[in-house]
>>> print(open('input_9.txt').read())   # compact mmCIF, C-alpha atoms
# COMPACT_ATOMS: atom_id res chain seq x y z
CA MET A 1 0.00 0.00 0.00
CA THR A 2 2.95 2.28 -0.55
CA ALA A 3 4.86 3.71 -3.45
CA ALA A 4 8.34 4.65 -4.47
CA ALA A 5 7.66 7.00 -7.35
CA ARG A 6 6.31 10.54 -7.07
CA PRO A 7 4.44 12.10 -10.01
CA PHE A 8 5.63 15.57 -8.96
CA GLU A 9 8.42 17.32 -7.10
CA GLN A 10 7.50 18.23 -3.53
CA ASP A 11 9.33 21.58 -3.75
CA ASP A 12 6.93 22.66 -6.50
CA LEU A 13 3.90 22.24 -4.25
CA PRO A 14 2.38 25.05 -2.16
CA SER A 15 2.93 25.09 1.60
CA LEU A 16 0.07 23.97 3.83
CA THR A 17 -0.92 25.15 7.29
CA THR A 18 -2.35 23.26 10.23
CA GLU A 19 -5.69 25.01 9.64
CA GLN A 20 -5.76 23.36 6.20
CA THR A 21 -4.58 19.90 7.24
CA ARG A 22 -6.36 19.35 10.58
CA ILE A 23 -9.99 19.49 11.66
CA PRO A 24 -11.00 22.22 14.14
CA ILE A 25 -11.55 21.32 17.81
CA GLY A 26 -13.62 24.00 19.51
CA THR A 27 -14.07 22.72 23.06
CA GLU A 28 -11.66 22.83 25.99
CA HIS A 29 -10.36 19.60 27.43
CA ARG A 30 -12.55 17.98 30.07
CA PRO A 31 -10.09 16.10 32.30
CA PHE A 32 -11.12 12.66 33.47
CA THR A 33 -7.79 11.66 35.02
CA LYS A 34 -4.73 13.30 36.57
CA ARG A 35 -2.28 10.82 35.05
CA PRO A 36 -0.48 11.61 31.77
CA LEU A 37 -2.59 10.92 28.68
CA ALA A 38 -1.70 8.01 26.43
CA LEU A 39 -2.85 6.56 23.12
CA THR A 40 -4.75 3.89 25.05
CA ASP A 41 -7.15 6.64 26.16
CA ALA A 42 -8.33 6.89 22.54
CA LEU A 43 -9.33 3.22 22.16
CA ASP A 44 -12.99 4.19 22.08
CA PHE A 45 -15.54 2.58 19.77
CA TRP A 46 -16.50 6.05 18.51
CA SER A 47 -13.19 6.08 16.62
CA PHE A 48 -14.88 3.90 13.99
CA GLY A 49 -16.81 7.02 12.96
CA GLY A 50 -13.66 8.41 11.37
CA ALA A 51 -12.40 5.16 9.82
CA ALA A 52 -13.42 5.97 6.25
CA ALA A 53 -11.93 9.46 6.53
CA ASN A 54 -8.67 7.85 7.58
CA VAL A 55 -8.74 5.66 4.47
CA VAL A 56 -9.25 8.80 2.37
CA MET A 57 -6.22 10.48 3.95
CA GLN A 58 -4.04 7.41 3.50
CA MET A 59 -5.05 6.88 -0.11
CA ALA A 60 -4.58 10.55 -0.98
CA ARG A 61 -0.87 9.78 -1.26
CA PRO A 62 -0.74 8.40 -4.82
CA GLY A 63 1.31 5.31 -4.05
CA VAL A 64 -0.95 4.27 -1.21
CA GLY A 65 -4.05 4.99 -3.27
CA TYR A 66 -2.90 3.04 -6.31
CA GLY A 67 -1.47 0.26 -4.19
CA VAL A 68 -4.85 -0.28 -2.53
CA ALA A 69 -7.05 0.28 -5.57
CA GLU A 70 -4.94 -1.91 -7.87
CA SER A 71 -4.08 -4.59 -5.31
CA ARG A 72 -4.34 -8.14 -6.59
CA VAL A 73 -4.52 -9.57 -3.06
CA GLU A 74 -8.23 -10.37 -3.15
CA SER A 75 -8.31 -11.93 0.33
CA GLY A 76 -7.60 -8.55 1.90
CA ALA A 77 -9.38 -6.29 -0.58
CA LEU A 78 -11.71 -3.79 1.08
CA MET A 79 -14.23 -3.78 -1.75
CA VAL A 80 -14.33 -7.62 -1.88
CA HIS A 81 -14.03 -8.62 1.79
CA PRO A 82 -14.97 -5.48 3.77
CA TRP A 83 -15.56 -7.19 7.11
CA LYS A 84 -12.29 -9.12 6.98
CA ARG A 85 -10.38 -5.99 6.02
CA ALA A 86 -12.03 -4.06 8.85
CA ARG A 87 -11.04 -6.79 11.34
CA THR A 88 -7.45 -6.85 10.10
CA THR A 89 -7.07 -3.07 10.33
CA THR A 90 -8.66 -2.74 13.78
CA GLN A 91 -6.66 -5.72 15.03
CA TYR A 92 -3.46 -4.07 13.82
CA LEU A 93 -4.38 -0.94 15.78
CA ALA A 94 -5.16 -2.96 18.88
CA VAL A 95 -1.94 -4.97 18.81
CA SER A 96 0.14 -1.85 18.06
CA ILE A 97 -1.21 -0.15 21.17
CA LEU A 98 -1.88 -3.03 23.56
CA GLY A 99 0.32 -5.86 22.33
CA THR A 100 3.64 -7.19 23.57
CA GLN A 101 6.68 -6.97 21.31
CA GLU A 102 6.24 -10.64 20.46
CA GLU A 103 2.64 -10.02 19.39
CA ILE A 104 3.58 -6.94 17.37
CA ASP A 105 6.34 -8.87 15.60
CA ALA A 106 4.00 -11.78 14.81
CA PHE A 107 1.35 -9.50 13.36
CA ARG A 108 3.95 -7.57 11.35
CA GLU A 109 5.13 -10.81 9.74
CA ALA A 110 1.53 -11.77 8.90
CA VAL A 111 1.03 -8.38 7.24
CA ASN A 112 4.34 -8.80 5.40
CA VAL A 113 3.07 -12.00 3.77
CA ALA A 114 0.19 -10.05 2.20
CA HIS A 115 2.34 -7.00 1.39
CA ARG A 116 4.89 -9.07 -0.56
CA GLN A 117 2.24 -9.43 -3.27
CA VAL A 118 1.50 -5.69 -3.47
CA ARG A 119 3.71 -4.05 -6.09
CA SER A 120 3.06 -2.11 -9.23
CA GLY A 121 2.89 -3.77 -12.63
CA PRO A 122 4.29 -2.61 -15.96
CA ASP A 123 1.08 -0.75 -16.79
CA SER A 124 0.66 0.98 -13.41
CA LYS A 125 0.49 4.77 -13.55
CA VAL A 126 2.30 4.98 -10.19
CA THR A 127 5.21 2.80 -9.12
CA TYR A 128 4.56 1.28 -5.71
CA ASN A 129 5.77 -1.41 -3.36
CA ALA A 130 4.12 -2.26 -0.06
CA PHE A 131 7.47 -2.28 1.74
CA ASN A 132 8.28 1.37 1.03
CA ARG A 133 8.92 2.84 4.49
CA ASP A 134 8.24 6.42 3.50
CA LEU A 135 4.59 5.78 2.75
CA GLN A 136 4.19 3.29 5.55
CA LEU A 137 5.18 6.22 7.77
CA TRP A 138 2.44 8.27 6.10
CA VAL A 139 -0.14 5.55 6.81
CA ALA A 140 0.93 5.43 10.48
CA ALA A 141 0.71 9.23 10.69
CA CYS A 142 -2.85 9.09 9.35
CA LEU A 143 -3.72 6.51 12.00
CA PHE A 144 -2.33 8.77 14.71
CA ILE A 145 -4.35 11.71 13.36
CA GLY A 146 -7.48 9.55 13.56
CA PHE A 147 -6.90 8.67 17.20
CA GLU A 148 -6.03 12.21 18.24
CA ASP A 149 -9.00 13.73 16.40
CA THR A 150 -11.47 11.27 17.89
CA TYR A 151 -10.10 11.71 21.40
CA GLN A 152 -10.34 15.50 21.18
CA LEU A 153 -13.81 15.49 19.62
CA LEU A 154 -15.00 13.43 22.58
CA ASN A 155 -12.98 15.08 25.34
CA GLY A 156 -12.01 18.54 24.12
CA LYS A 157 -8.75 20.01 22.85
CA MET A 158 -5.67 18.86 24.73
CA THR A 159 -3.14 21.31 26.11
CA ASP A 160 0.31 21.30 24.51
CA GLU A 161 1.63 19.28 27.45
CA GLN A 162 -1.16 16.71 27.18
CA ALA A 163 -0.73 16.49 23.41
CA GLU A 164 2.97 15.75 23.87
CA GLN A 165 2.22 13.05 26.47
CA PHE A 166 -0.33 11.48 24.16
CA TYR A 167 2.02 11.61 21.17
CA GLN A 168 4.97 10.03 22.97
CA THR A 169 3.04 6.76 23.31
CA SER A 170 2.18 6.52 19.60
CA SER A 171 5.32 5.34 17.78
CA THR A 172 4.22 1.69 17.70
CA LEU A 173 1.59 2.66 15.12
CA ALA A 174 4.56 2.99 12.77
CA THR A 175 7.06 0.48 14.11
CA GLY A 176 4.42 -2.25 13.86
CA LEU A 177 5.07 -1.95 10.10
CA GLN A 178 8.55 -1.55 8.57
CA VAL A 179 9.14 1.94 9.95
CA THR A 180 12.04 2.41 12.35
CA ARG A 181 11.64 4.31 15.61
CA GLU A 182 14.09 6.94 14.33
CA MET A 183 11.81 7.73 11.38
CA TRP A 184 8.88 8.63 13.65
CA PRO A 185 9.00 12.39 14.41
CA ALA A 186 10.56 12.88 17.83
CA THR A 187 8.11 15.44 19.24
CA ARG A 188 4.54 16.59 18.67
CA LYS A 189 5.88 19.80 17.11
CA ASP A 190 8.06 17.75 14.75
CA PHE A 191 5.01 15.70 13.82
CA ASP A 192 3.05 18.81 12.87
CA ALA A 193 5.90 19.93 10.62
CA TYR A 194 6.10 16.47 9.04
CA TRP A 195 2.34 16.28 8.53
CA ASN A 196 1.96 19.69 6.91
CA ASP A 197 4.96 19.07 4.68
CA LEU A 198 4.02 15.60 3.49
CA ALA A 199 0.32 16.42 3.12
CA ARG A 200 1.37 18.41 0.04
CA GLN A 201 1.94 15.07 -1.68
CA ALA A 202 -1.61 13.95 -0.89
CA VAL A 203 -3.17 14.59 -4.30
CA LEU A 204 -6.18 12.56 -5.42
CA ASP A 205 -6.78 11.81 -9.09
CA ASP A 206 -9.97 10.56 -10.73
CA PHE A 207 -8.98 6.89 -10.46
CA VAL A 208 -8.42 6.85 -6.69
CA ARG A 209 -11.25 9.32 -6.11
CA GLY A 210 -13.61 6.93 -7.91
CA TYR A 211 -12.51 4.08 -5.63
CA LEU A 212 -13.16 6.24 -2.57
CA GLU A 213 -16.59 7.25 -3.88
CA ASP A 214 -17.48 3.56 -4.07
CA LEU A 215 -16.33 3.24 -0.46
CA LEU A 216 -18.41 6.21 0.72
CA ASN A 217 -21.44 4.86 -1.13
CA LEU A 218 -20.90 1.46 0.57
CA ARG A 219 -20.93 -0.39 -2.74
CA MET A 220 -19.06 -3.29 -1.11
CA ILE A 221 -22.04 -4.31 1.07
CA HIS A 222 -25.61 -5.43 0.34
CA TRP A 223 -28.06 -2.72 -0.75
CA TYR A 224 -30.35 -3.25 2.22
CA MET A 225 -27.49 -2.39 4.60
CA ARG A 226 -26.27 0.40 2.34
CA ILE A 227 -29.46 2.48 2.40
CA PRO A 228 -29.72 3.27 6.14
CA PHE A 229 -25.99 3.90 6.71
CA ARG A 230 -24.72 5.58 3.54
CA GLY A 231 -25.81 9.11 4.47
CA LEU A 232 -24.40 8.87 8.01
CA LEU A 233 -21.08 7.46 6.77
CA ARG A 234 -20.69 10.26 4.26
CA PHE A 235 -21.50 12.93 6.85
CA LEU A 236 -19.05 11.51 9.40
CA THR A 237 -16.33 10.96 6.81
CA ILE A 238 -16.45 14.52 5.48
CA GLY A 239 -16.63 15.88 9.02
CA PHE A 240 -13.46 13.99 9.98
CA LEU A 241 -11.59 15.35 6.95
CA ALA A 242 -9.58 18.56 7.18
CA PRO A 243 -10.30 21.26 4.56
CA TYR A 244 -7.38 20.26 2.34
CA PHE A 245 -8.53 16.63 2.10
CA ARG A 246 -12.12 17.67 1.43
CA GLU A 247 -10.82 19.67 -1.50
CA GLN A 248 -8.98 16.63 -2.80
CA LEU A 249 -12.08 14.47 -2.49
CA ARG A 250 -14.18 17.28 -4.07
CA VAL A 251 -16.95 17.20 -1.50
CA GLU A 252 -18.97 20.08 -0.11
CA TRP A 253 -19.05 21.03 3.57
CA THR A 254 -20.94 24.08 4.76
CA ALA A 255 -20.81 26.06 7.99
CA ALA A 256 -24.16 24.48 8.88
CA ASP A 257 -22.66 21.01 8.33
CA GLN A 258 -19.78 21.91 10.66
CA ARG A 259 -22.21 23.07 13.36
CA ARG A 260 -24.17 19.82 13.11
CA PHE A 261 -20.94 17.83 13.32
CA ASP A 262 -19.74 19.80 16.36
CA HIS A 263 -23.11 19.46 18.10
CA LEU A 264 -23.16 15.73 17.41
CA PHE A 265 -19.85 15.19 19.16
CA LEU A 266 -20.73 17.50 22.01
CA PHE A 267 -23.71 15.23 22.62
CA VAL A 268 -21.73 12.02 22.06
CA GLY A 269 -18.96 13.25 24.35
CA PHE A 270 -21.49 14.00 27.08
CA VAL A 271 -23.19 10.60 26.75
CA ASN A 272 -19.80 8.89 26.65
CA ARG A 273 -19.10 9.90 30.24
CA PHE A 274 -21.87 7.59 31.40
CA ILE A 275 -20.90 4.55 29.31
CA PRO A 276 -18.61 2.20 31.26
CA ARG A 277 -15.05 2.14 29.97
CA PHE A 278 -15.10 -1.63 29.51
CA LEU A 279 -17.94 -1.24 27.00
CA ARG A 280 -16.36 1.65 25.08
CA PHE A 281 -12.94 0.00 24.94
CA GLY A 282 -14.05 -3.62 24.97
CA GLY A 283 -13.72 -4.15 21.24
CA SER A 284 -9.96 -3.63 21.31
CA TYR A 285 -9.49 -6.10 24.13
CA ALA A 286 -11.70 -8.62 22.35
CA LEU A 287 -9.49 -8.28 19.27
CA MET A 288 -6.42 -8.92 21.41
CA THR A 289 -8.04 -12.03 22.87
CA ASP A 290 -8.75 -13.26 19.34
CA LEU A 291 -5.16 -12.55 18.27
CA ARG A 292 -3.72 -14.45 21.21
CA ARG A 293 -6.02 -17.38 20.51
CA ARG A 294 -4.89 -17.46 16.88
CA MET A 295 -1.23 -17.31 17.91
CA ARG A 296 -1.71 -20.07 20.45
CA LYS A 297 -3.39 -22.33 17.89
CA GLN A 298 -0.94 -21.30 15.16
CA LYS A 299 -3.70 -20.00 12.90
CA ASN A 300 -3.38 -17.29 10.28
CA LEU A 301 -3.46 -13.86 11.94
CA ILE A 302 -4.97 -12.00 8.99
>>> encode(input="input_9.txt", output="structure tokens")
Amino acid sequence: MTAAARPFEQDDLPSLTTEQTRIPIGTEHRPFTKRPLALTDALDFWSFGGAAANVVMQMARPGVGYGVAESRVESGALMVHPWKRARTTTQYLAVSILGTQEEIDAFREAVNVAHRQVRSGPDSKVTYNAFNRDLQLWVAACLFIGFEDTYQLLNGKMTDEQAEQFYQTSSTLATGLQVTREMWPATRKDFDAYWNDLARQAVLDDFVRGYLEDLLNLRMIHWYMRIPFRGLLRFLTIGFLAPYFREQLRVEWTAADQRRFDHLFLFVGFVNRFIPRFLRFGGSYALMTDLRRRMRKQKNLI
């Protein structure tokens, strides 16, 4: 899901600001603990609301987009096996955050087996290889953005100190792939600089945009499930996208839409305080139980 070739020179692209590349968070942080914040605090089932937006951000880098859309690995294809792909992705997130080094290494090797088959062909518009560390780093950065955005939508904007604490527990999102620890930006400020710089290479073309439109229209599931959820998925996805990525996807988002989105998460954040943590976070621990069972029985992990 990564690429080596770039269809443009990065220096030729306009600079981007955080206001363009990140969604706005309008509420102050509502502390629920005095201990330092960590990525584990974001393992909330509401994070699924931004999953499709995260796919959009990842695939906006041409190599990632073409690698996914052209992939010949049918067993892991989102548009062919959506539920299996969803389980694999969420299990990767769970093991990256909650797993032991042994579990992370085992899951990485399972992912490597699938990635060895993902490389561009002679007719591919973009040259890609799933072991390219540069774009694996981009994918991990997108995953971090998803966790941070969801946490702040539910709990309010973190202070700089809290944001740094949260960030310092996140490197395993990258090192669970082929990315080295040294490649992960050292501080939260460094991450912002990396994100704004590399986001300039996130340029969607008609081919990848068409794939993402199929995703947003839920064309990979049965029509009777598609009808009640398609509108909500589209609303949440666009709401979780920063202005620059909305422009790339060519979707509209009005001030009224933003107010509805903000009000939704104010309500959800309030309700969330009364939902027991074991229910909100239980899915991640269930995925870890499943992973450990598969490892114990020497079954395929993905």
>>> closest_residue(input="input_9.txt", among="A:Leu137, A:Ala163, A:Ala42, A:Ala60", to="Arg200 of chain A", atoms="all atoms listed in the file")
A:Ala60
>>> atom_distance(input="input_9.txt", atom1="atom CA of Arg277 of chain A", atom2="atom CA of Leu93 of chain A")
18.0 Å
>>> residues_near_point(input="input_9.txt", point="(-18.0, 15.3, 24.5)", cutoff="10 Å", atoms="only C-alpha atoms", output="PyMOL selection string")
chain A and resi 27-30+151-156+262-273
>>> atom_distance(input="input_9.txt", atom1="atom CA of Thr289 of chain A", atom2="atom CA of Phe131 of chain A")
28.0 Å
>>> atom_distance(input="input_9.txt", atom1="atom CA of Ser171 of chain A", atom2="atom CA of Thr150 of chain A")
17.8 Å
>>> closest_residue(input="input_9.txt", among="A:Lys189, A:Ala256, A:Gly49, A:Leu173", to="Leu232 of chain A", atoms="all atoms listed in the file")
A:Gly49
>>> closest_residue(input="input_9.txt", among="A:Met295, A:Ala255, A:Leu135, A:Leu249", to="Val203 of chain A", atoms="all atoms listed in the file")
A:Leu249
>>> residues_around(input="input_9.txt", residues="Leu301 of chain A", least_positions_apart="6", cutoff="9 Å", atoms="all atoms listed in the file", output="PyMOL selection string")
chain A and resi 88+106-107+110-111+291+294-295
>>> decode(input="input_9.txt", residues="segment 231-243 of chain A", atoms="all heavy atoms", output="PDB file, in the first residue's frame")
ATOM      1  N   GLY A 231     -25.788   7.686   4.173  1.00  0.00           N
ATOM      2  CA  GLY A 231     -25.806   9.112   4.473  1.00  0.00           C
ATOM      3  C   GLY A 231     -25.000   9.452   5.710  1.00  0.00           C
ATOM      4  O   GLY A 231     -24.253  10.443   5.733  1.00  0.00           O
ATOM      5  N   LEU A 232     -25.139   8.631   6.769  1.00  0.00           N
ATOM      6  CA  LEU A 232     -24.397   8.870   8.007  1.00  0.00           C
ATOM      7  C   LEU A 232     -22.902   8.712   7.775  1.00  0.00           C
ATOM      8  O   LEU A 232     -22.097   9.529   8.260  1.00  0.00           O
ATOM      9  CB  LEU A 232     -24.860   7.898   9.091  1.00  0.00           C
ATOM     10  CG  LEU A 232     -24.120   7.986  10.428  1.00  0.00           C
ATOM     11  CD1 LEU A 232     -24.279   9.369  11.046  1.00  0.00           C
ATOM     12  CD2 LEU A 232     -24.599   6.893  11.384  1.00  0.00           C
ATOM     13  N   LEU A 233     -22.506   7.670   7.031  1.00  0.00           N
ATOM     14  CA  LEU A 233     -21.079   7.460   6.768  1.00  0.00           C
ATOM     15  C   LEU A 233     -20.490   8.646   6.018  1.00  0.00           C
ATOM     16  O   LEU A 233     -19.404   9.123   6.357  1.00  0.00           O
ATOM     17  CB  LEU A 233     -20.878   6.181   5.948  1.00  0.00           C
ATOM     18  CG  LEU A 233     -19.436   5.934   5.495  1.00  0.00           C
ATOM     19  CD1 LEU A 233     -18.539   5.668   6.695  1.00  0.00           C
ATOM     20  CD2 LEU A 233     -19.352   4.788   4.490  1.00  0.00           C
ATOM     21  N   ARG A 234     -21.199   9.131   5.029  1.00  0.00           N
ATOM     22  CA  ARG A 234     -20.691  10.257   4.255  1.00  0.00           C
ATOM     23  C   ARG A 234     -20.542  11.509   5.128  1.00  0.00           C
ATOM     24  O   ARG A 234     -19.534  12.217   5.049  1.00  0.00           O
ATOM     25  CB  ARG A 234     -21.624  10.528   3.074  1.00  0.00           C
ATOM     26  CG  ARG A 234     -21.035  11.453   2.032  1.00  0.00           C
ATOM     27  CD  ARG A 234     -21.914  11.559   0.790  1.00  0.00           C
ATOM     28  NE  ARG A 234     -21.193  12.246  -0.258  1.00  0.00           N
ATOM     29  CZ  ARG A 234     -20.394  11.657  -1.144  1.00  0.00           C
ATOM     30  NH1 ARG A 234     -20.218  10.340  -1.102  1.00  0.00           N
ATOM     31  NH2 ARG A 234     -19.763  12.355  -2.067  1.00  0.00           N
ATOM     32  N   PHE A 235     -21.544  11.765   5.961  1.00  0.00           N
ATOM     33  CA  PHE A 235     -21.497  12.928   6.851  1.00  0.00           C
ATOM     34  C   PHE A 235     -20.314  12.833   7.806  1.00  0.00           C
ATOM     35  O   PHE A 235     -19.540  13.800   7.972  1.00  0.00           O
ATOM     36  CB  PHE A 235     -22.800  13.035   7.624  1.00  0.00           C
ATOM     37  CG  PHE A 235     -22.826  14.138   8.645  1.00  0.00           C
ATOM     38  CD1 PHE A 235     -22.968  15.467   8.249  1.00  0.00           C
ATOM     39  CD2 PHE A 235     -22.704  13.865  10.001  1.00  0.00           C
ATOM     40  CE1 PHE A 235     -22.976  16.498   9.188  1.00  0.00           C
ATOM     41  CE2 PHE A 235     -22.712  14.879  10.934  1.00  0.00           C
ATOM     42  CZ  PHE A 235     -22.852  16.198  10.527  1.00  0.00           C
ATOM     43  N   LEU A 236     -20.142  11.683   8.453  1.00  0.00           N
ATOM     44  CA  LEU A 236     -19.045  11.514   9.404  1.00  0.00           C
ATOM     45  C   LEU A 236     -17.693  11.588   8.704  1.00  0.00           C
ATOM     46  O   LEU A 236     -16.748  12.200   9.214  1.00  0.00           O
ATOM     47  CB  LEU A 236     -19.180  10.183  10.138  1.00  0.00           C
ATOM     48  CG  LEU A 236     -20.318  10.071  11.142  1.00  0.00           C
ATOM     49  CD1 LEU A 236     -20.426   8.651  11.668  1.00  0.00           C
ATOM     50  CD2 LEU A 236     -20.127  11.050  12.295  1.00  0.00           C
ATOM     51  N   THR A 237     -17.608  10.981   7.531  1.00  0.00           N
ATOM     52  CA  THR A 237     -16.335  10.964   6.809  1.00  0.00           C
ATOM     53  C   THR A 237     -15.899  12.373   6.438  1.00  0.00           C
ATOM     54  O   THR A 237     -14.758  12.772   6.681  1.00  0.00           O
ATOM     55  CB  THR A 237     -16.444  10.105   5.541  1.00  0.00           C
ATOM     56  OG1 THR A 237     -16.754   8.756   5.914  1.00  0.00           O
ATOM     57  CG2 THR A 237     -15.139  10.108   4.762  1.00  0.00           C
ATOM     58  N   ILE A 238     -16.812  13.161   5.869  1.00  0.00           N
ATOM     59  CA  ILE A 238     -16.454  14.522   5.475  1.00  0.00           C
ATOM     60  C   ILE A 238     -16.144  15.365   6.705  1.00  0.00           C
ATOM     61  O   ILE A 238     -15.227  16.194   6.703  1.00  0.00           O
ATOM     62  CB  ILE A 238     -17.573  15.153   4.631  1.00  0.00           C
ATOM     63  CG1 ILE A 238     -17.805  14.324   3.357  1.00  0.00           C
ATOM     64  CG2 ILE A 238     -17.224  16.588   4.249  1.00  0.00           C
ATOM     65  CD1 ILE A 238     -18.997  14.775   2.535  1.00  0.00           C
ATOM     66  N   GLY A 239     -16.881  15.137   7.789  1.00  0.00           N
ATOM     67  CA  GLY A 239     -16.627  15.877   9.021  1.00  0.00           C
ATOM     68  C   GLY A 239     -15.264  15.596   9.608  1.00  0.00           C
ATOM     69  O   GLY A 239     -14.643  16.473  10.218  1.00  0.00           O
ATOM     70  N   PHE A 240     -14.774  14.373   9.456  1.00  0.00           N
ATOM     71  CA  PHE A 240     -13.463  13.993   9.978  1.00  0.00           C
ATOM     72  C   PHE A 240     -12.321  14.399   9.052  1.00  0.00           C
ATOM     73  O   PHE A 240     -11.152  14.192   9.403  1.00  0.00           O
ATOM     74  CB  PHE A 240     -13.395  12.479  10.224  1.00  0.00           C
ATOM     75  CG  PHE A 240     -13.797  12.051  11.608  1.00  0.00           C
ATOM     76  CD1 PHE A 240     -15.086  11.614  11.867  1.00  0.00           C
ATOM     77  CD2 PHE A 240     -12.887  12.070  12.646  1.00  0.00           C
ATOM     78  CE1 PHE A 240     -15.465  11.209  13.143  1.00  0.00           C
ATOM     79  CE2 PHE A 240     -13.248  11.672  13.922  1.00  0.00           C
ATOM     80  CZ  PHE A 240     -14.542  11.237  14.174  1.00  0.00           C
ATOM     81  N   LEU A 241     -12.637  14.938   7.882  1.00  0.00           N
ATOM     82  CA  LEU A 241     -11.591  15.354   6.947  1.00  0.00           C
ATOM     83  C   LEU A 241     -11.284  16.840   7.127  1.00  0.00           C
ATOM     84  O   LEU A 241     -12.190  17.662   7.208  1.00  0.00           O
ATOM     85  CB  LEU A 241     -12.033  15.101   5.502  1.00  0.00           C
ATOM     86  CG  LEU A 241     -12.078  13.651   5.045  1.00  0.00           C
ATOM     87  CD1 LEU A 241     -12.646  13.574   3.633  1.00  0.00           C
ATOM     88  CD2 LEU A 241     -10.697  13.005   5.101  1.00  0.00           C
ATOM     89  N   ALA A 242     -10.011  17.162   7.139  1.00  0.00           N
ATOM     90  CA  ALA A 242      -9.583  18.563   7.181  1.00  0.00           C
ATOM     91  C   ALA A 242      -9.888  19.224   5.836  1.00  0.00           C
ATOM     92  O   ALA A 242     -10.079  18.534   4.825  1.00  0.00           O
ATOM     93  CB  ALA A 242      -8.089  18.630   7.480  1.00  0.00           C
ATOM     94  N   PRO A 243      -9.940  20.557   5.803  1.00  0.00           N
ATOM     95  CA  PRO A 243     -10.299  21.255   4.563  1.00  0.00           C
ATOM     96  C   PRO A 243      -9.499  20.834   3.340  1.00  0.00           C
ATOM     97  O   PRO A 243     -10.062  20.674   2.248  1.00  0.00           O
ATOM     98  CB  PRO A 243     -10.049  22.727   4.921  1.00  0.00           C
ATOM     99  CG  PRO A 243     -10.291  22.793   6.391  1.00  0.00           C
ATOM    100  CD  PRO A 243      -9.782  21.489   6.932  1.00  0.00           C
TER     101      PRO A 243
END
